[in-house]
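Coordinates from query00.txt are shown below (compact mmCIF, C-alpha atoms).
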```txt
# COMPACT_ATOMS: atom_id res chain seq x y z
CA MET A 7 -13.36 -17.06 20.57
CA ARG A 8 -9.70 -16.09 20.70
CA HIS A 9 -9.31 -16.91 17.00
CA VAL A 10 -12.33 -14.78 16.12
CA ALA A 11 -10.80 -11.87 18.05
CA GLN A 12 -7.45 -12.41 16.30
CA PHE A 13 -9.20 -12.57 12.93
CA GLY A 14 -11.07 -9.35 13.68
CA ARG A 15 -7.91 -7.65 14.89
CA PHE A 16 -6.04 -8.68 11.75
CA TRP A 17 -8.68 -7.10 9.48
CA TYR A 18 -8.87 -4.01 11.68
CA ASP A 19 -5.09 -3.56 11.41
CA PHE A 20 -5.19 -4.32 7.68
CA VAL A 21 -7.89 -1.78 6.85
CA VAL A 22 -7.62 0.86 9.57
CA GLY A 23 -3.89 0.58 10.27
CA ASP A 24 -2.33 3.08 12.65
CA SER A 25 -4.58 6.02 11.81
CA VAL A 26 -8.26 5.83 12.67
CA ALA A 27 -8.59 9.41 11.38
CA LEU A 28 -7.81 8.25 7.85
CA ALA A 29 -10.37 5.45 7.89
CA VAL A 30 -13.10 7.62 9.39
CA GLY A 31 -12.12 10.59 7.24
CA GLY A 32 -12.07 8.60 4.01
CA VAL A 33 -15.57 7.30 4.62
CA THR A 34 -16.74 10.75 5.74
CA ALA A 35 -15.40 12.32 2.52
CA LEU A 36 -17.47 9.92 0.44
CA ALA A 37 -20.49 10.47 2.70
CA VAL A 38 -20.20 14.23 2.11
CA GLY A 39 -20.09 13.52 -1.63
CA THR A 40 -23.21 11.37 -1.37
CA VAL A 41 -25.15 14.07 0.49
CA LEU A 42 -24.14 16.72 -2.05
CA VAL A 43 -25.16 14.53 -5.00
CA TRP A 44 -28.53 13.82 -3.35
CA ALA A 45 -28.96 17.55 -2.80
CA GLY A 46 -28.42 18.14 -6.51
CA ALA A 47 -24.99 19.72 -6.00
CA GLY A 48 -22.97 17.18 -7.99
CA ALA A 49 -20.62 19.85 -9.39
CA LEU A 50 -19.81 21.04 -5.87
CA ALA A 51 -19.21 17.43 -4.79
CA GLU A 52 -16.71 17.07 -7.64
CA VAL A 53 -14.62 19.86 -6.09
CA LEU A 54 -15.27 19.21 -2.40
CA LEU A 55 -14.46 15.48 -2.42
CA PRO A 56 -10.75 15.88 -3.31
CA LEU A 57 -10.47 18.88 -0.98
CA THR A 58 -11.95 16.85 1.89
CA VAL A 59 -9.53 14.01 1.15
CA VAL A 60 -6.56 16.39 1.43
CA ALA A 61 -7.97 17.86 4.65
CA VAL A 62 -8.30 14.34 6.11
CA LEU A 63 -4.69 13.59 5.15
CA ALA A 64 -3.47 16.80 6.78
CA ILE A 65 -5.43 16.08 9.97
CA SER A 66 -4.04 12.54 10.16
CA LEU A 67 -0.48 13.93 10.01
CA ARG A 68 -0.87 16.29 12.95
CA PRO A 69 -0.53 13.76 15.84
CA ALA A 70 2.58 12.22 14.24
CA SER A 71 4.21 15.63 13.86
CA LYS A 72 4.12 16.45 17.57
CA MET B 5 -4.71 6.02 -20.13
CA ARG B 6 -6.66 4.38 -17.34
CA ASP B 7 -5.26 0.93 -18.23
CA VAL B 8 -1.68 2.21 -18.26
CA LEU B 9 -2.14 3.89 -14.88
CA LEU B 10 -3.78 0.73 -13.47
CA ALA B 11 -0.98 -1.52 -14.71
CA LEU B 12 1.71 0.88 -13.50
CA THR B 13 0.11 1.22 -10.05
CA ALA B 14 -0.24 -2.56 -9.72
CA PHE B 15 3.38 -2.97 -10.86
CA LEU B 16 4.79 -0.43 -8.38
CA ALA B 17 2.63 -1.58 -5.45
CA SER B 18 3.53 -5.21 -6.14
CA ALA B 19 7.22 -4.42 -6.59
CA VAL B 20 7.54 -2.60 -3.28
CA GLU B 21 5.66 -5.31 -1.35
CA MET B 22 7.63 -8.04 -3.08
CA VAL B 23 10.93 -6.38 -2.18
CA GLU B 24 9.81 -6.57 1.47
CA ALA B 25 8.70 -10.19 1.08
CA LEU B 26 11.99 -11.05 -0.64
CA THR B 27 13.93 -9.86 2.42
CA ILE B 28 12.05 -12.36 4.59
CA VAL B 29 12.36 -15.17 2.03
CA LEU B 30 16.12 -14.63 1.77
CA ALA B 31 16.52 -14.57 5.56
CA VAL B 32 14.58 -17.83 5.89
CA GLY B 33 16.52 -19.39 3.02
CA LEU B 34 19.91 -18.55 4.50
CA THR B 35 19.08 -19.66 8.04
CA ARG B 36 16.53 -22.48 7.64
CA GLY B 37 17.24 -23.83 4.17
CA TRP B 38 16.11 -22.91 0.67
CA ARG B 39 13.66 -25.78 0.36
CA THR B 40 11.76 -24.52 3.42
CA SER B 41 11.88 -20.93 2.24
CA LEU B 42 10.69 -21.66 -1.30
CA THR B 43 7.97 -24.07 -0.12
CA GLY B 44 6.58 -21.37 2.18
CA THR B 45 6.75 -18.85 -0.65
CA VAL B 46 4.99 -21.07 -3.18
CA ALA B 47 2.29 -21.99 -0.64
CA ALA B 48 1.66 -18.31 0.11
CA LEU B 49 1.52 -17.38 -3.59
CA ALA B 50 -0.95 -20.21 -4.18
CA ALA B 51 -3.12 -19.00 -1.28
CA LEU B 52 -3.06 -15.46 -2.72
CA ALA B 53 -3.95 -16.71 -6.21
CA VAL B 54 -6.89 -18.69 -4.79
CA THR B 55 -8.05 -15.59 -2.86
CA VAL B 56 -8.08 -13.48 -6.04
CA ALA B 57 -9.60 -16.25 -8.18
CA VAL B 58 -12.43 -16.95 -5.73
CA ALA B 59 -13.18 -13.47 -4.41
CA GLY B 60 -12.86 -11.61 -7.73
CA PRO B 61 -15.61 -13.26 -9.78
CA SER B 62 -17.86 -13.58 -6.69
CA LEU B 63 -17.65 -9.87 -5.97
CA ALA B 64 -18.31 -8.94 -9.60
CA LYS B 65 -21.21 -11.40 -9.84
CA TYR B 66 -23.11 -10.74 -6.62
CA VAL B 67 -22.41 -7.10 -5.72
CA PRO B 68 -24.11 -4.36 -7.79
CA LEU B 69 -21.63 -2.09 -9.62
CA GLY B 70 -22.64 1.08 -7.74
CA ALA B 71 -22.21 -0.54 -4.31
CA LEU B 72 -18.98 -2.18 -5.45
CA GLN B 73 -17.60 1.17 -6.60
CA VAL B 74 -18.40 2.80 -3.25
CA PHE B 75 -16.93 -0.13 -1.29
CA VAL B 76 -13.83 -0.42 -3.47
CA GLY B 77 -13.44 3.35 -3.71
CA ALA B 78 -13.62 3.76 0.08
CA LEU B 79 -11.09 0.99 0.71
CA LEU B 80 -8.70 2.20 -2.00
CA LEU B 81 -8.99 5.71 -0.63
CA ILE B 82 -8.14 4.54 2.89
CA PHE B 83 -5.27 2.36 1.62
CA GLY B 84 -3.95 5.14 -0.58
CA LEU B 85 -4.10 7.67 2.24
CA GLN B 86 -2.27 5.24 4.55
CA TRP B 87 0.55 4.79 2.03
CA LEU B 88 0.66 8.53 1.38
CA ARG B 89 0.66 9.44 5.08
CA LYS B 90 3.62 7.17 5.80
CA ALA B 91 5.48 8.41 2.70
CA ILE B 92 4.94 12.04 3.75
CA LEU B 93 6.12 11.32 7.30
CA ARG B 94 9.24 9.58 5.94
CA ALA B 95 9.96 12.31 3.39
CA SER B 96 9.59 14.99 6.05
CA GLY B 97 11.94 13.15 8.41
CA ARG B 98 9.30 12.28 11.03
CA LYS B 99 9.43 8.54 10.46
CA ALA B 100 12.45 6.33 9.88
CA LYS B 101 12.91 5.22 6.30
CA HIS B 102 12.37 1.55 5.53
CA ASP B 103 15.75 -0.17 5.79
CA GLU B 104 15.76 -3.58 4.11
CA ASP B 105 19.32 -4.32 5.29
CA ALA B 106 18.37 -3.70 8.95
CA ILE B 107 15.20 -5.81 8.63
CA PHE B 108 17.23 -8.56 6.97
CA GLN B 109 19.79 -8.61 9.80
CA GLU B 110 16.97 -8.64 12.37
CA GLU B 111 15.27 -11.60 10.65
CA LEU B 112 18.58 -13.46 10.43
CA ALA B 113 19.20 -12.95 14.15
CA VAL B 114 15.71 -14.14 15.14
CA LEU B 115 15.68 -17.15 12.82
CA GLY B 116 19.27 -18.04 13.59
CA THR B 117 18.59 -18.32 17.32
CA SER B 118 15.53 -20.56 16.86
CA THR B 119 16.06 -24.24 17.40
CA ALA B 120 16.30 -26.94 14.73
CA THR B 121 18.17 -25.02 12.09
CA ALA B 122 17.84 -26.89 8.84
CA THR B 123 20.20 -24.97 6.58
CA GLY B 124 21.13 -26.88 3.49
CA THR B 125 19.26 -30.03 4.47
CA ALA B 126 16.46 -31.66 2.53
CA SER B 127 14.02 -31.65 5.47
CA LEU B 128 11.30 -29.02 5.83
CA ASP B 129 11.67 -26.70 8.81
CA TRP B 130 8.28 -25.73 10.23
CA THR B 131 9.38 -22.44 11.82
CA GLY B 132 11.01 -21.30 8.60
CA PHE B 133 8.01 -22.39 6.53
CA VAL B 134 5.60 -20.37 8.70
CA VAL B 135 7.82 -17.27 8.64
CA ALA B 136 8.22 -17.42 4.84
CA PHE B 137 4.52 -18.15 4.32
CA LYS B 138 3.38 -15.34 6.61
CA GLY B 139 5.86 -12.88 5.14
CA VAL B 140 4.86 -13.51 1.55
CA PHE B 141 1.14 -13.86 2.29
CA LEU B 142 0.83 -10.71 4.39
CA GLU B 143 2.93 -8.57 2.06
CA GLY B 144 1.05 -10.05 -0.89
CA LEU B 145 -2.41 -9.59 0.57
CA GLU B 146 -2.35 -5.88 -0.08
CA VAL B 147 -1.23 -6.51 -3.66
CA ALA B 148 -3.94 -9.14 -4.08
CA PHE B 149 -6.45 -6.66 -2.76
CA ILE B 150 -5.32 -3.96 -5.20
CA VAL B 151 -5.42 -6.39 -8.14
CA LEU B 152 -8.82 -7.62 -7.00
CA THR B 153 -10.40 -4.19 -6.61
CA PHE B 154 -8.91 -2.82 -9.82
CA GLY B 155 -10.05 -5.88 -11.75
CA THR B 156 -13.59 -6.11 -10.39
CA ASN B 157 -14.17 -2.40 -10.82
CA GLN B 158 -12.94 -2.44 -14.41
CA GLY B 159 -14.72 -5.70 -15.21
CA ARG B 160 -11.43 -7.25 -16.37
CA PHE B 161 -8.24 -8.23 -14.61
CA GLY B 162 -5.77 -7.86 -17.53
CA PRO B 163 -3.90 -4.62 -16.70
CA SER B 164 -3.65 -5.12 -12.92
CA VAL B 165 -2.65 -8.81 -13.15
CA ALA B 166 -0.09 -7.96 -15.84
CA GLY B 167 1.41 -5.27 -13.60
CA ALA B 168 1.60 -7.60 -10.59
CA VAL B 169 3.06 -10.50 -12.59
CA ALA B 170 5.66 -8.21 -14.19
CA ALA B 171 6.69 -6.98 -10.73
CA PHE B 172 6.97 -10.57 -9.47
CA VAL B 173 9.17 -11.56 -12.42
CA VAL B 174 11.44 -8.50 -12.02
CA VAL B 175 11.85 -8.72 -8.23
CA ALA B 176 12.19 -12.53 -8.14
CA SER B 177 14.77 -12.46 -10.95
CA ILE B 178 16.87 -9.79 -9.30
CA GLY B 179 16.52 -11.52 -5.91
CA ALA B 180 17.60 -14.86 -7.37
CA ALA B 181 20.57 -13.20 -9.07
CA VAL B 182 21.91 -11.11 -6.19
CA HIS B 183 20.85 -13.25 -3.20
CA ARG B 184 20.62 -10.25 -0.89
CA PRO B 185 17.97 -7.71 0.09
CA LEU B 186 17.23 -5.07 -2.53
CA SER B 187 18.11 -2.17 -0.27
CA ARG B 188 18.83 0.24 -3.14
CA VAL B 189 15.25 0.26 -4.35
CA PRO B 190 13.86 3.76 -3.64
CA GLU B 191 11.02 2.39 -1.55
CA ASN B 192 9.76 5.70 -0.20
CA ALA B 193 9.52 7.27 -3.65
CA ILE B 194 7.65 4.21 -4.96
CA LYS B 195 5.31 4.21 -1.93
CA PHE B 196 4.67 7.89 -2.54
CA ALA B 197 3.70 7.19 -6.16
CA VAL B 198 1.50 4.22 -5.21
CA GLY B 199 -0.19 6.23 -2.44
CA LEU B 200 -0.98 8.99 -4.91
CA ALA B 201 -2.34 6.55 -7.49
CA LEU B 202 -4.48 4.61 -4.99
CA THR B 203 -5.89 7.82 -3.54
CA THR B 204 -6.67 9.02 -7.07
CA PHE B 205 -8.46 5.82 -8.07
CA GLY B 206 -10.23 5.66 -4.70
CA THR B 207 -11.56 9.19 -5.13
CA PHE B 208 -12.55 8.61 -8.75
CA TRP B 209 -14.35 5.29 -8.26
CA GLY B 210 -15.77 6.18 -4.86
CA GLY B 211 -17.08 9.43 -6.38
CA GLU B 212 -18.65 7.56 -9.31
CA GLY B 213 -20.18 5.11 -6.85
CA VAL B 214 -21.91 7.85 -4.84
CA GLY B 215 -23.25 9.42 -8.04
CA ILE B 216 -20.67 12.05 -9.02
CA ASP B 217 -20.54 12.46 -12.79
CA TRP B 218 -16.93 13.60 -13.30
CA SER B 219 -17.21 16.38 -15.87
CA LEU B 220 -13.79 15.61 -17.42
CA GLY B 221 -14.41 11.86 -17.64
CA ASP B 222 -11.23 9.75 -17.49
CA ALA B 223 -9.12 12.91 -17.71
CA THR B 224 -10.23 13.57 -14.11
CA LEU B 225 -7.73 10.88 -13.07
CA ALA B 226 -4.83 13.02 -14.33
CA VAL B 227 -6.23 16.14 -12.66
CA LEU B 228 -6.70 14.34 -9.33
CA LEU B 229 -3.21 12.82 -9.53
CA VAL B 230 -1.58 16.21 -10.08
CA PHE B 231 -3.72 17.83 -7.37
CA TYR B 232 -2.84 15.16 -4.79
CA ALA B 233 0.86 15.29 -5.77
CA LEU B 234 0.94 19.05 -5.21
CA ALA B 235 -0.95 18.74 -1.92
CA ALA B 236 1.42 15.99 -0.72
CA ALA B 237 4.46 18.08 -1.66
CA LEU B 238 3.06 20.99 0.36
CA LEU B 239 2.38 18.69 3.33
CA VAL B 240 5.97 17.41 3.21
CA ARG B 241 7.17 21.02 3.37
CA ARG B 242 4.71 21.84 6.14
CA PHE B 243 5.75 18.92 8.35
CA LYS B 244 9.46 18.84 7.46
CA VAL B 245 11.68 18.44 10.51
CA VAL B 246 14.01 21.41 10.81
CA GLN B 247 17.53 20.21 11.61
CA PRO B 248 19.18 22.22 14.40
CA ARG B 249 21.88 24.52 13.05
CA PRO B 250 25.39 23.34 14.00
CA ALA B 251 27.09 25.45 16.67
CA GLY B 252 29.02 28.39 15.27
CA VAL B 253 26.94 28.69 12.12
CA VAL B 254 25.04 31.92 12.04
CA ALA B 255 22.10 32.73 9.84
CA GLU B 256 22.69 35.15 7.02
CA GLY B 257 22.24 38.65 8.37
CA GLY B 258 22.40 37.39 11.95
CA VAL B 259 24.55 38.65 14.83
CA ARG B 260 28.15 37.48 14.55
```
With the file now loaded, output its structure as structure tokens.
Amino acid sequence: MRHVAQFGRFWYDFVVGDSVALAVGGVTALAVGTVLVWAGAGALAEVLLPLTVVAVLAISLRPASK
Amino acid sequence: MRDVLLALTAFLASAVEMVEALTIVLAVGLTRGWRTSLTGTVAALAALAVTVAVAGPSLAKYVPLGALQVFVGALLLIFGLQWLRKAILRASGRKAKHDEDAIFQEELAVLGTSTATATGTASLDWTGFVVAFKGVFLEGLEVAFIVLTFGTNQGRFGPSVAGAVAAFVVVASIGAAVHRPLSRVPENAIKFAVGLALTTFGTFWGGEGVGIDWSLGDATLAVLLVFYALAAALLVRRFKVVQPRPAGVVAEGGVR
């Protein structure tokens, strides 16, 4: 059981690292893109996806800047 | 253009991770013996090669391209943003810059105090082997992942493998020649570039995966890269640590 926990922790650290905001935000940005494409607003998604990515990056920097 | 950018990204990402791995390998070699250090390194490289060789074709064979693009895009995006975040924090003075010399001295101190030092002997030292293996494997895992995702998404591994192999040859050759950590490599600048490239590819492939039809085609990559570079530069300015003015220095136009 301990090895499973260590294995899980390793992959969590590897993918999520020290900023949960980035992991959640990255997935959220793509989810927003998906919704917009489904809604027939592909052109808007093309613009909003990179903007959301930058917003996520800026948000992730805030705690470290305090 | 895409191939060149892929190869260059793989080269830079591999180079920066290999510089970090080299520091550990050198520390193990000097304290526990070169045979131990090189055996751990070769074992780790073999494990990484097996990971890429097994996981790559399996992913491409069993996962549909759309799902693969979303999965790979999301992970590259997260990885890229992690690299970029750290690079921005370092460039703005909010995080200490990576210091290979300090890490090297730290590793030497830790390994030197462990028991059963085997410097210069023919026997294999288990502690040294594990440290070298872990160092190379963990630093290399991210590179293996980048090569793997680039290759499976493109349907061919040529550009990314070429970039990674070229980086290995360059870093290993320099390391073998100078026998000390490569502390003059501008790691933060390279990490900045890799972060930008990974974020760009992550956005592009992730977007394609969720159904976005990029109106500029492959040229979108260049647009995204420039956009993210500008945004990152602005974020560095925004979060830059302002150094306190030395006593006696007065701002222009201030009260004297």
Worksheet entry | Local residues around (-4.3, -0.4, -4.6), at most 12 Å away, using all atoms listed in the file, as a ChimeraX atom specification | /B:9-18,21,76-88,144-155,157,164,167-168,195,197-206
Item to complete: Could you list the residues in chain A lying within 8 Å of chain B, using only C-alpha atoms, and format the result as a PyMOL selection string?
Response: chain A and resi 21-23+25+28-29+32-33+36+39-40+43+48-49+51-52+55-56+60+63-64+66-67+70-71
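From atom CA of A:Tyr18 back to atom CA of A:Val38, the distance works out to 23.5 Å.
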Fill in: Separation of atom CA of B:Ile194 from atom CA of B:Val8 in Å
16.4 Å
Fill in: Between atom CA of B:Ala176 and atom CA of B:Phe108 - distance in Å to one decimal
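Separation of atom CA of B:Phe108 and atom CA of B:Ala176: 16.4 Å.
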